[in-house]
file entry-v2.txt (compact mmCIF, C-alpha atoms)
# COMPACT_ATOMS: atom_id res chain seq x y z
CA MET I 1 76.08 124.68 112.76
CA SER I 2 74.03 125.01 109.60
CA ASP I 3 75.05 127.52 106.97
CA SER I 4 72.53 130.32 106.90
CA PRO I 5 72.39 132.49 103.78
CA THR I 6 73.91 135.26 105.85
CA HIS I 7 76.93 133.19 106.65
CA GLU I 8 77.27 132.11 103.05
CA THR I 9 77.21 135.75 101.99
CA LEU I 10 79.99 136.49 104.42
CA LYS I 11 82.00 133.52 103.18
CA ARG I 12 81.62 134.64 99.59
CA ALA I 13 82.70 138.17 100.44
CA TRP I 14 85.67 136.83 102.34
CA ARG I 15 86.69 134.47 99.55
CA SER I 16 86.28 137.17 96.96
CA GLY I 17 88.43 139.57 98.96
CA THR I 18 91.19 137.09 99.55
CA ASN I 19 91.19 135.97 95.93
CA ARG I 20 91.95 139.56 95.02
CA ALA I 21 94.83 139.76 97.43
CA ASP I 22 98.18 140.92 96.24
CA GLY I 23 101.06 139.28 97.29
CA GLY I 24 102.72 136.65 99.21
CA ARG I 25 105.78 138.76 99.79
CA HIS I 26 105.46 138.77 103.57
CA CYS I 27 103.73 135.48 104.05
CA PRO I 28 104.89 132.51 106.09
CA ASP I 29 106.48 129.75 104.10
CA ASP I 30 104.05 127.81 101.90
CA ALA I 31 105.06 124.58 103.55
CA GLU I 32 104.26 126.04 106.95
CA ILE I 33 100.83 127.16 105.79
CA TYR I 34 100.21 123.75 104.26
CA GLU I 35 101.17 121.95 107.46
CA ALA I 36 99.01 124.27 109.54
CA ALA I 37 96.00 123.96 107.26
CA THR I 38 96.26 120.19 107.13
CA GLY I 39 96.66 119.84 110.87
CA SER I 40 100.20 118.51 110.91
CA ALA I 41 101.77 121.61 112.50
CA ASP I 42 101.59 122.07 116.26
CA THR I 43 98.66 123.93 117.75
CA ASP I 44 100.53 127.16 118.46
CA THR I 45 101.78 127.33 114.90
CA ARG I 46 98.28 126.68 113.56
CA ARG I 47 96.84 129.47 115.69
CA ARG I 48 99.61 131.86 114.68
CA ILE I 49 99.03 131.18 111.01
CA VAL I 50 95.26 131.45 111.30
CA GLU I 51 95.83 134.81 112.97
CA HIS I 52 97.96 135.81 110.01
CA THR I 53 95.37 134.68 107.47
CA ALA I 54 92.81 136.92 109.18
CA ARG I 55 94.70 139.95 107.86
CA CYS I 56 96.56 138.53 104.87
CA GLY I 57 94.51 137.61 101.84
CA ALA I 58 97.33 135.86 100.03
CA CYS I 59 97.88 133.50 102.94
CA ALA I 60 94.16 132.99 103.40
CA GLN I 61 94.05 131.86 99.79
CA SER I 62 97.05 129.60 100.32
CA TRP I 63 95.39 128.08 103.38
CA ARG I 64 92.17 127.43 101.46
CA LEU I 65 94.00 125.66 98.68
CA ALA I 66 95.90 123.52 101.17
CA ALA I 67 92.68 122.61 102.95
CA GLU I 68 91.04 121.82 99.63
CA LEU I 69 93.93 119.59 98.71
CA GLU I 70 93.78 117.83 102.05
CA ARG I 71 90.12 117.06 101.47
CA ALA I 72 91.03 115.57 98.11
CA ARG I 73 93.51 113.14 99.57
CA PRO I 74 92.48 109.53 99.95
CA ASP I 75 90.92 109.06 103.39
CA VAL I 76 93.16 106.20 104.30
CA VAL I 77 96.23 108.35 103.91
CA ARG I 78 94.76 111.27 105.77
CA ALA I 79 93.52 109.12 108.59
CA GLU I 80 96.90 107.50 109.06
CA GLU I 81 98.71 110.78 109.13
CA ARG I 82 96.32 112.99 111.02
CA PHE I 83 95.17 110.73 113.79
CA ARG I 84 98.39 109.20 114.94
CA ARG I 85 98.60 108.77 118.67
CA PRO I 86 100.84 111.23 120.57
CA ARG I 87 103.28 108.46 121.42
CA ASP I 88 103.55 107.53 117.76
CA ARG I 89 104.12 111.14 116.94
CA PHE I 90 106.96 111.32 119.46
CA LEU I 91 108.61 108.18 118.14
CA ASN I 92 108.11 109.32 114.61
CA GLY I 93 109.61 112.66 115.52
CA VAL I 94 112.74 110.97 116.84
CA LEU I 95 112.94 108.79 113.75
CA ALA I 96 112.30 111.78 111.53
CA ALA I 97 115.10 113.72 113.18
CA ALA I 98 117.48 110.81 112.62
CA ALA I 99 116.27 110.47 109.05
CA ALA I 100 116.74 114.17 108.50
CA VAL I 101 120.40 113.93 109.47
CA VAL I 102 120.87 111.07 107.03
CA ALA I 103 118.89 112.90 104.37
CA VAL I 104 120.93 116.09 104.70
CA VAL I 105 124.12 114.12 104.20
CA GLY I 106 122.58 112.13 101.37
CA ILE I 107 121.03 115.02 99.56
CA SER I 108 124.24 116.99 99.70
CA LEU I 109 125.84 114.23 97.68
CA MET I 110 123.04 113.85 95.23
CA LEU I 111 121.40 115.83 92.58
CA PRO I 112 121.96 119.40 91.53
CA ARG I 113 120.02 122.33 92.80
CA MET I 114 118.75 124.66 90.15
CA ASP I 115 120.78 127.42 88.65
CA PRO I 116 120.33 130.89 90.10
CA GLY I 117 122.08 132.55 87.23
CA THR I 118 121.43 133.37 83.63
CA PRO I 119 121.59 130.44 81.25
CA PRO I 120 124.71 130.29 79.14
CA PRO I 121 124.08 131.37 75.57
CA SER I 122 124.28 127.99 73.93
CA ALA I 123 122.55 125.94 76.60
CA GLY I 124 119.03 124.74 76.62
CA SER I 125 116.72 126.26 79.17
CA VAL I 126 118.42 126.26 82.56
CA LEU I 127 116.12 125.93 85.52
CA ARG I 128 116.26 128.31 88.42
CA GLY I 129 116.98 127.54 92.04
CA ASP I 130 119.07 128.44 95.01
CA ASP I 131 122.36 126.63 94.92
CA LEU I 132 125.44 128.81 94.79
CA GLN I 133 128.01 126.11 94.10
CA GLN I 134 126.94 125.28 90.59
CA PHE I 135 128.81 125.49 87.35
CA ALA I 136 127.40 126.27 83.96
CA VAL I 137 126.45 123.74 81.33
CA THR I 138 126.57 124.54 77.64
CA GLY I 139 124.69 121.80 75.90
CA PRO I 140 122.50 122.20 72.86
CA SER I 141 118.96 123.47 73.37
CA GLU I 142 117.85 121.03 70.67
CA LEU I 143 119.12 117.49 70.36
CA ARG I 144 118.84 116.66 66.67
CA LEU I 145 118.82 112.91 66.27
CA GLY I 146 119.21 111.01 63.04
CA ASN I 147 121.21 113.47 61.00
CA GLY I 148 124.53 111.71 61.53
CA GLN I 149 125.94 114.55 63.60
CA PRO I 150 127.18 113.77 67.11
CA ILE I 151 125.35 115.25 70.08
CA VAL I 152 127.81 116.83 72.44
CA PHE I 153 127.17 118.15 75.93
CA THR I 154 129.74 120.51 77.38
CA TRP I 155 130.22 122.38 80.62
CA GLU I 156 132.67 124.72 82.23
CA PRO I 157 135.78 123.18 83.82
CA VAL I 158 135.79 122.61 87.55
CA PRO I 159 139.15 123.01 89.34
CA GLU I 160 140.61 119.98 91.13
CA VAL I 161 138.17 117.65 89.44
CA ARG I 162 138.71 113.90 89.32
CA ASP I 163 135.91 113.09 86.91
CA TYR I 164 132.39 114.04 85.93
CA ARG I 165 129.16 112.12 86.00
CA VAL I 166 126.58 113.18 83.42
CA ARG I 167 122.94 112.24 83.79
CA LEU I 168 120.05 112.54 81.36
CA LEU I 169 116.46 112.22 82.57
CA ASP I 170 113.21 112.08 80.71
CA ASP I 171 110.28 114.37 81.36
CA GLU I 172 109.07 112.05 84.09
CA LEU I 173 112.51 112.22 85.65
CA ALA I 174 113.38 108.61 84.95
CA SER I 175 117.00 108.04 84.07
CA LEU I 176 117.73 107.84 80.33
CA TYR I 177 121.47 107.74 80.29
CA SER I 178 124.36 108.15 82.66
CA ALA I 179 128.12 108.21 82.05
CA ARG I 180 131.39 109.10 83.71
CA VAL I 181 133.94 111.14 81.78
CA ASP I 182 137.19 112.88 82.67
CA THR I 183 136.86 115.83 80.30
CA GLU I 184 134.37 118.67 80.06
CA ARG I 185 132.42 117.11 77.23
CA LEU I 186 130.29 114.09 76.56
CA GLU I 187 129.48 112.79 73.13
CA LEU I 188 126.24 110.93 73.37
CA PRO I 189 126.45 107.37 71.99
CA ALA I 190 124.10 106.52 69.14
CA GLY I 191 120.94 104.96 70.47
CA ALA I 192 121.21 106.49 73.93
CA LEU I 193 117.95 108.33 73.35
CA SER I 194 116.30 105.74 71.16
CA ASP I 195 113.17 105.64 73.33
CA VAL I 196 112.68 109.38 73.36
CA GLU I 197 110.14 110.73 70.93
CA ASP I 198 110.32 113.81 68.78
CA GLY I 199 109.42 116.93 70.70
CA GLU I 200 110.05 115.49 74.16
CA THR I 201 112.04 117.45 76.69
CA ILE I 202 114.91 115.91 78.55
CA PHE I 203 116.72 117.19 81.64
CA TRP I 204 120.43 116.83 82.15
CA PHE I 205 123.10 117.83 84.61
CA VAL I 206 126.66 117.07 85.61
CA GLN I 207 128.18 116.13 88.96
CA ALA I 208 131.87 116.89 89.39
CA GLU I 209 133.74 114.54 91.71
CA LEU I 210 136.69 116.44 93.15
CA ASN I 211 140.08 115.07 94.18
CA ASP I 212 139.33 115.64 97.85
CA GLY I 213 136.21 113.50 97.60
CA SER I 214 133.74 116.38 97.58
CA GLN I 215 131.31 117.15 94.79
CA ARG I 216 130.03 120.10 92.84
CA ARG I 217 126.93 120.16 90.73
CA SER I 218 125.97 121.84 87.53
CA ALA I 219 122.76 123.61 86.81
CA THR I 220 120.00 121.41 85.45
CA ALA I 221 119.34 122.17 81.80
CA THR I 222 116.54 121.16 79.47
CA SER I 223 116.87 120.23 75.83
CA THR I 224 114.25 119.29 73.30
CA VAL I 225 114.67 116.19 71.17
CA ARG I 226 114.19 116.64 67.43
CA ARG I 227 114.15 113.56 65.26
CA VAL I 228 115.18 114.55 61.79
CA ASP I 229 114.97 110.97 60.55
CA ASP I 230 111.19 110.72 61.11
CA MET S 1 101.80 106.29 105.33
CA ALA S 2 101.56 105.93 101.56
CA THR S 3 104.91 106.34 99.86
CA HIS S 4 105.88 106.57 96.23
CA SER S 5 109.20 105.99 94.58
CA ALA S 6 108.67 105.35 90.88
CA PRO S 7 108.50 108.55 88.83
CA GLU S 8 105.23 107.51 87.23
CA GLN S 9 103.65 106.99 90.67
CA ILE S 10 104.85 110.37 91.82
CA ARG S 11 103.59 111.98 88.66
CA GLN S 12 100.15 110.44 89.08
CA VAL S 13 99.80 111.83 92.58
CA LEU S 14 100.93 115.25 91.41
CA GLU S 15 98.53 115.14 88.48
CA ARG S 16 95.65 114.45 90.86
CA ALA S 17 96.72 117.21 93.21
CA VAL S 18 97.21 119.80 90.49
CA ALA S 19 93.95 118.83 88.83
CA ARG S 20 92.16 119.42 92.10
CA LEU S 21 93.57 122.90 92.59
CA CYS S 22 94.17 124.22 89.11
CA PRO S 23 91.74 127.03 88.23
CA ASP S 24 90.38 127.28 84.72
CA TRP S 25 92.65 130.15 83.83
CA LEU S 26 95.72 128.05 84.63
CA GLN S 27 94.66 124.93 82.76
CA SER S 28 97.03 125.66 79.91
CA SER S 29 99.92 125.61 82.40
CA ARG S 30 98.86 122.39 84.07
CA ASP S 31 101.55 120.20 82.56
CA ASP S 32 104.17 122.80 83.35
CA LEU S 33 103.02 122.92 86.95
CA ILE S 34 103.23 119.15 87.25
CA GLN S 35 106.67 119.22 85.70
CA THR S 36 107.83 121.95 88.05
CA ALA S 37 106.60 119.94 91.00
CA MET S 38 108.39 116.85 89.67
CA LEU S 39 111.61 118.81 89.44
CA ARG S 40 111.33 120.11 92.97
CA ILE S 41 110.97 116.57 94.15
CA LEU S 42 113.91 115.51 92.04
CA GLU S 43 116.02 118.19 93.67
CA LYS S 44 115.31 116.87 97.12
CA HIS S 45 114.89 113.16 96.62
CA GLY S 46 116.87 112.19 93.59
CA SER S 47 116.07 110.78 90.21
CA GLY S 48 114.39 107.54 89.38
CA GLU S 49 117.74 105.83 89.73
CA GLU S 50 117.80 106.28 93.45
CA ASN S 51 114.12 105.44 93.90
CA ARG S 52 113.94 107.18 97.24
CA PRO S 53 110.40 106.89 98.49
CA VAL S 54 108.49 110.08 99.21
CA ASN S 55 105.22 110.19 101.07
CA SER S 56 101.93 111.51 99.74
CA SER S 57 101.93 114.38 102.15
CA TYR S 58 105.19 115.68 100.73
CA LEU S 59 103.89 115.36 97.18
CA TYR S 60 100.72 117.25 98.00
CA LYS S 61 102.70 119.90 99.82
CA THR S 62 104.93 120.33 96.80
CA ALA S 63 101.93 120.61 94.47
CA HIS S 64 100.44 123.22 96.76
CA SER S 65 103.65 125.23 96.81
CA VAL S 66 104.02 125.15 93.04
CA MET S 67 100.41 126.17 92.54
CA ILE S 68 100.63 129.05 95.01
CA ASP S 69 103.83 130.31 93.43
CA GLU S 70 102.19 130.33 90.01
CA ILE S 71 98.99 131.97 91.22
CA ARG S 72 100.95 134.72 92.95
CA ARG S 73 103.15 135.21 89.93
CA VAL S 74 100.15 135.58 87.67
CA GLN S 75 98.31 137.81 90.13
CA ARG S 76 101.31 140.08 90.53
CA ARG S 77 101.45 140.51 86.79
CA GLY S 78 97.74 141.09 86.61
CA GLU S 79 97.40 138.41 83.96
CA THR S 80 94.08 137.05 85.12
CA PRO S 81 90.67 138.59 85.58
CA LEU S 82 89.87 138.93 89.26
CA GLU S 83 86.53 137.26 88.80
CA THR S 84 88.15 134.02 87.83
CA ALA S 85 90.72 133.93 90.58
CA PRO S 86 91.42 130.50 92.03
CA GLY S 87 88.79 129.28 94.40
CA ALA S 88 86.14 131.43 92.76
CA LYS S 89 83.07 129.63 91.54
CA GLU S 90 80.97 130.61 88.60
CA SER S 91 78.40 132.14 90.90
CA ASP S 92 81.09 134.43 92.29
CA THR S 93 81.54 136.29 89.05
CA GLU S 94 80.44 139.86 89.36
CA ASN S 95 79.65 142.88 87.30
CA PRO S 96 81.70 146.03 87.99
CA TYR S 97 79.13 147.37 90.46
CA GLN S 98 79.03 144.11 92.37
CA ALA S 99 82.80 143.98 92.28
CA THR S 100 83.09 147.44 93.82
CA VAL S 101 80.58 146.61 96.50
CA GLY S 102 82.34 143.32 97.07
CA GLU S 103 85.64 145.07 97.59
CA SER S 104 84.04 147.39 100.11
CA ILE S 105 82.52 144.50 102.00
CA SER S 106 85.81 142.66 101.95
CA ALA S 107 87.64 145.64 103.36
CA ALA S 108 84.99 146.10 106.03
CA LEU S 109 85.13 142.39 106.81
CA ARG S 110 88.84 142.57 107.39
CA ILE S 111 88.54 145.60 109.65
CA CYS S 112 85.72 144.07 111.64
CA LEU S 113 87.55 140.78 111.93
CA SER S 114 90.58 142.54 113.32
CA ARG S 115 88.42 144.00 116.08
CA LEU S 116 87.09 140.71 117.36
CA ALA S 117 88.50 139.10 120.48
CA ARG S 118 91.35 136.85 119.45
CA SER S 119 89.64 133.52 120.05
CA ARG S 120 86.59 134.67 118.12
CA ARG S 121 88.76 136.04 115.33
CA LEU S 122 90.53 132.70 114.97
CA GLY S 123 87.29 130.74 114.97
CA VAL S 124 85.51 133.05 112.56
CA THR S 125 88.49 133.23 110.21
CA LEU S 126 88.52 129.46 109.85
CA TYR S 127 84.78 129.41 109.44
CA LEU S 128 84.94 131.99 106.66
CA GLN S 129 87.69 129.92 105.09
CA GLY S 130 85.23 127.07 104.74
CA HIS S 131 85.95 124.93 107.79
CA ARG S 132 83.10 123.51 109.80
CA VAL S 133 83.00 123.88 113.56
CA PRO S 134 84.43 120.42 114.35
CA GLU S 135 87.37 121.20 112.07
CA VAL S 136 87.77 124.58 113.72
CA ALA S 137 87.98 122.83 117.08
CA GLN S 138 90.51 120.34 115.81
CA LEU S 139 92.70 122.92 114.08
CA LEU S 140 92.76 125.30 117.03
CA GLY S 141 93.08 122.61 119.67
CA TRP S 142 89.79 123.52 121.33
CA GLN S 143 86.90 121.60 122.79
CA SER S 144 83.97 121.56 120.38
CA LYS S 145 81.91 123.72 122.75
CA GLN S 146 84.57 126.40 122.79
CA ALA S 147 84.81 126.33 119.00
CA ASP S 148 81.05 126.53 118.70
CA ASN S 149 80.85 129.53 121.02
CA SER S 150 83.74 131.35 119.40
CA VAL S 151 82.38 130.94 115.90
CA TYR S 152 78.77 131.80 116.78
CA ARG S 153 79.58 134.77 118.97
CA GLY S 154 82.31 135.91 116.63
CA LEU S 155 79.93 135.87 113.68
CA SER S 156 77.40 137.80 115.70
CA ASP S 157 80.03 140.42 116.57
CA LEU S 158 81.14 140.52 112.98
CA ARG S 159 77.66 141.17 111.66
CA ARG S 160 77.10 143.88 114.24
CA CYS S 161 80.34 145.56 113.21
CA LEU S 162 79.45 145.28 109.51
CA LYS S 163 76.01 146.71 110.16
CA GLY S 164 77.64 149.65 111.89
CA ARG S 165 79.58 150.23 108.69
CA GLY S 166 76.51 150.12 106.53
CA PHE S 167 76.69 146.49 105.46
CA GLU S 168 74.02 144.05 106.40
CA PRO S 169 74.47 140.73 104.65
CA ALA S 170 71.16 139.41 103.42

call {"tool": "encode", "arguments": {"input": "entry-v2.txt", "output": "structure tokens"}}
result
Amino acid sequence: MSDSPTHETLKRAWRSGTNRADGGRHCPDDAEIYEAATGSADTDTRRRIVEHTARCGACAQSWRLAAELERARPDVVRAEERFRRPRDRFLNGVLAAAAAVVAVVGISLMLPRMDPGTPPPSAGSVLRGDDLQQFAVTGPSELRLGNGQPIVFTWEPVPEVRDYRVRLLDDELASLYSARVDTERLELPAGALSDVEDGETIFWFVQAELNDGSQRRSATATSTVRRVDD
Amino acid sequence: MATHSAPEQIRQVLERAVARLCPDWLQSSRDDLIQTAMLRILEKHGSGEENRPVNSSYLYKTAHSVMIDEIRRVQRRGETPLETAPGAKESDTENPYQATVGESISAALRICLSRLARSRRLGVTLYLQGHRVPEVAQLLGWQSKQADNSVYRGLSDLRRCLKGRGFEPA
């Protein structure tokens, strides 16, 4: 079908209206919209979400962005993922289910979720999220390097703890430093952040290994590096 | 399926995705959006130490989610002019009169759309969203003929309804 001016006018009016939409408070999950718009959800789900976008501007906008993003993906990737044979999809589904079980176990032992609460007064910016089992960190918001003063990270005590693992990541989330300690503080060794430049942000968090083998995680905090020796 | 494990690879994919979607009025937040997306991935897949591979689809989905969250946040706060909302092109910018008329047409469009038969409503909605008929067929699981009919007849119904409400798209 060719686009007549009339149809283009309608499309513009539609796009304009949905760009003005309030909301998102009652929308399906973003991931669900993305999967529907990119063809990876099942047909019933796609139809249900299209039906929703007909009356919900916020979701219509979300759908459009997902579709736009899908068009931007390299063809080879899209072709592999969108045109898999049904049998492949079934096998992949079985494998995905198995992988999901492994992933749930694995993720539960891994990195911290973000902090739902208010950042402690002395901490750097603490990132938000949905985990309820976290404990607070109280590190410096600025890491001043080169002034001869030690940099100390601290956090609230966790009952029944065996030891703590502290991790520092750079702004691309590559590991900068990692250490195990048995107290609620870590003094950063000199040179641990030697590759980090002035003004860069680092992320850090603590995992508490408990006596019963379980783990708890801290919030993830951010701190800015300041080189006073430069 | 393309997978990525190194943080720099992941970041590159996210940068491309965010660049594709990011409207002009959010350009100043672009790095923050990429960083937020990186952190979401970190939460689920671990840091660079673990090097757990993630596929492109997941990265794009994350970028989409981060972008939508930010757009909704900004829109809720009314921090951006409506004319420059995401997805709007330069030609979409309107003066106040056009904006008022546009709002009326949009409202009428929504009402008329809701009155179409379901199959036509689905087809027309996707068409208005920018999908071509073959994509409409694929997304709705229809034969191309069915998609063609639904979109054509749905658009015809829509225009008739709009005309009845005093709008006749030129």

call {"tool": "residues_around", "arguments": {"input": "entry-v2.txt", "residues": "Leu59 in chain S", "least_positions_apart": "2", "cutoff": "8 Å", "atoms": "only C-alpha atoms", "output": "ChimeraX atom specification"}}
result
/S:10,13-14,41,54-57,61-63

call {"tool": "write_last_selection", "arguments": {"input": "entry-v2.txt", "atoms": "C-alpha atoms", "output": "mmCIF file, keeping the file's coordinate frame"}}
result
data_model
loop_
_atom_site.group_PDB
_atom_site.id
_atom_site.type_symbol
_atom_site.label_atom_id
_atom_site.label_comp_id
_atom_site.auth_asym_id
_atom_site.auth_seq_id
_atom_site.Cartn_x
_atom_site.Cartn_y
_atom_site.Cartn_z
ATOM 1 C CA ILE S 10 104.850 110.370 91.820
ATOM 2 C CA VAL S 13 99.800 111.830 92.580
ATOM 3 C CA LEU S 14 100.930 115.250 91.410
ATOM 4 C CA ILE S 41 110.970 116.570 94.150
ATOM 5 C CA VAL S 54 108.490 110.080 99.210
ATOM 6 C CA ASN S 55 105.220 110.190 101.070
ATOM 7 C CA SER S 56 101.930 111.510 99.740
ATOM 8 C CA SER S 57 101.930 114.380 102.150
ATOM 9 C CA LYS S 61 102.700 119.900 99.820
ATOM 10 C CA THR S 62 104.930 120.330 96.800
ATOM 11 C CA ALA S 63 101.930 120.610 94.470
#

call {"tool": "closest_residue", "arguments": {"input": "entry-v2.txt", "among": "I:Thr201, I:Ser16, I:Ser141, I:Ser40", "to": "Leu109 in chain S", "atoms": "all atoms listed in the file"}}
result
I:Ser16

call {"tool": "residues_around", "arguments": {"input": "entry-v2.txt", "residues": "range 141-143 of chain S", "least_positions_apart": "4", "cutoff": "10 Å", "atoms": "all atoms listed in the file", "output": "list of chain:residue names"}}
result
I:Gly39, I:Asp42, I:Thr43, I:Asp44, I:Arg46, I:Arg47, S:Gly123, S:Pro134, S:Glu135, S:Val136, S:Ala137, S:Ala147, S:Asp148

call {"tool": "atom_distance", "arguments": {"input": "entry-v2.txt", "atom1": "CA of Ser144 in chain S", "atom2": "CA of Arg15 in chain I"}}
result
24.7 Å

call {"tool": "closest_residue", "arguments": {"input": "entry-v2.txt", "among": "S:Gln146, S:Ser65, S:Ser156, S:Thr36", "to": "chain I", "atoms": "only C-alpha atoms"}}
result
S:Ser65

call {"tool": "closest_residue", "arguments": {"input": "entry-v2.txt", "among": "S:Pro23, S:Pro53, S:Gly130, S:Gly166", "to": "Glu70 in chain S", "atoms": "all atoms listed in the file"}}
result
S:Pro23

call {"tool": "closest_residue", "arguments": {"input": "entry-v2.txt", "among": "I:Ala136, I:Val161, I:Ile202, I:Leu188", "to": "chain S", "atoms": "all atoms listed in the file"}}
result
I:Ile202
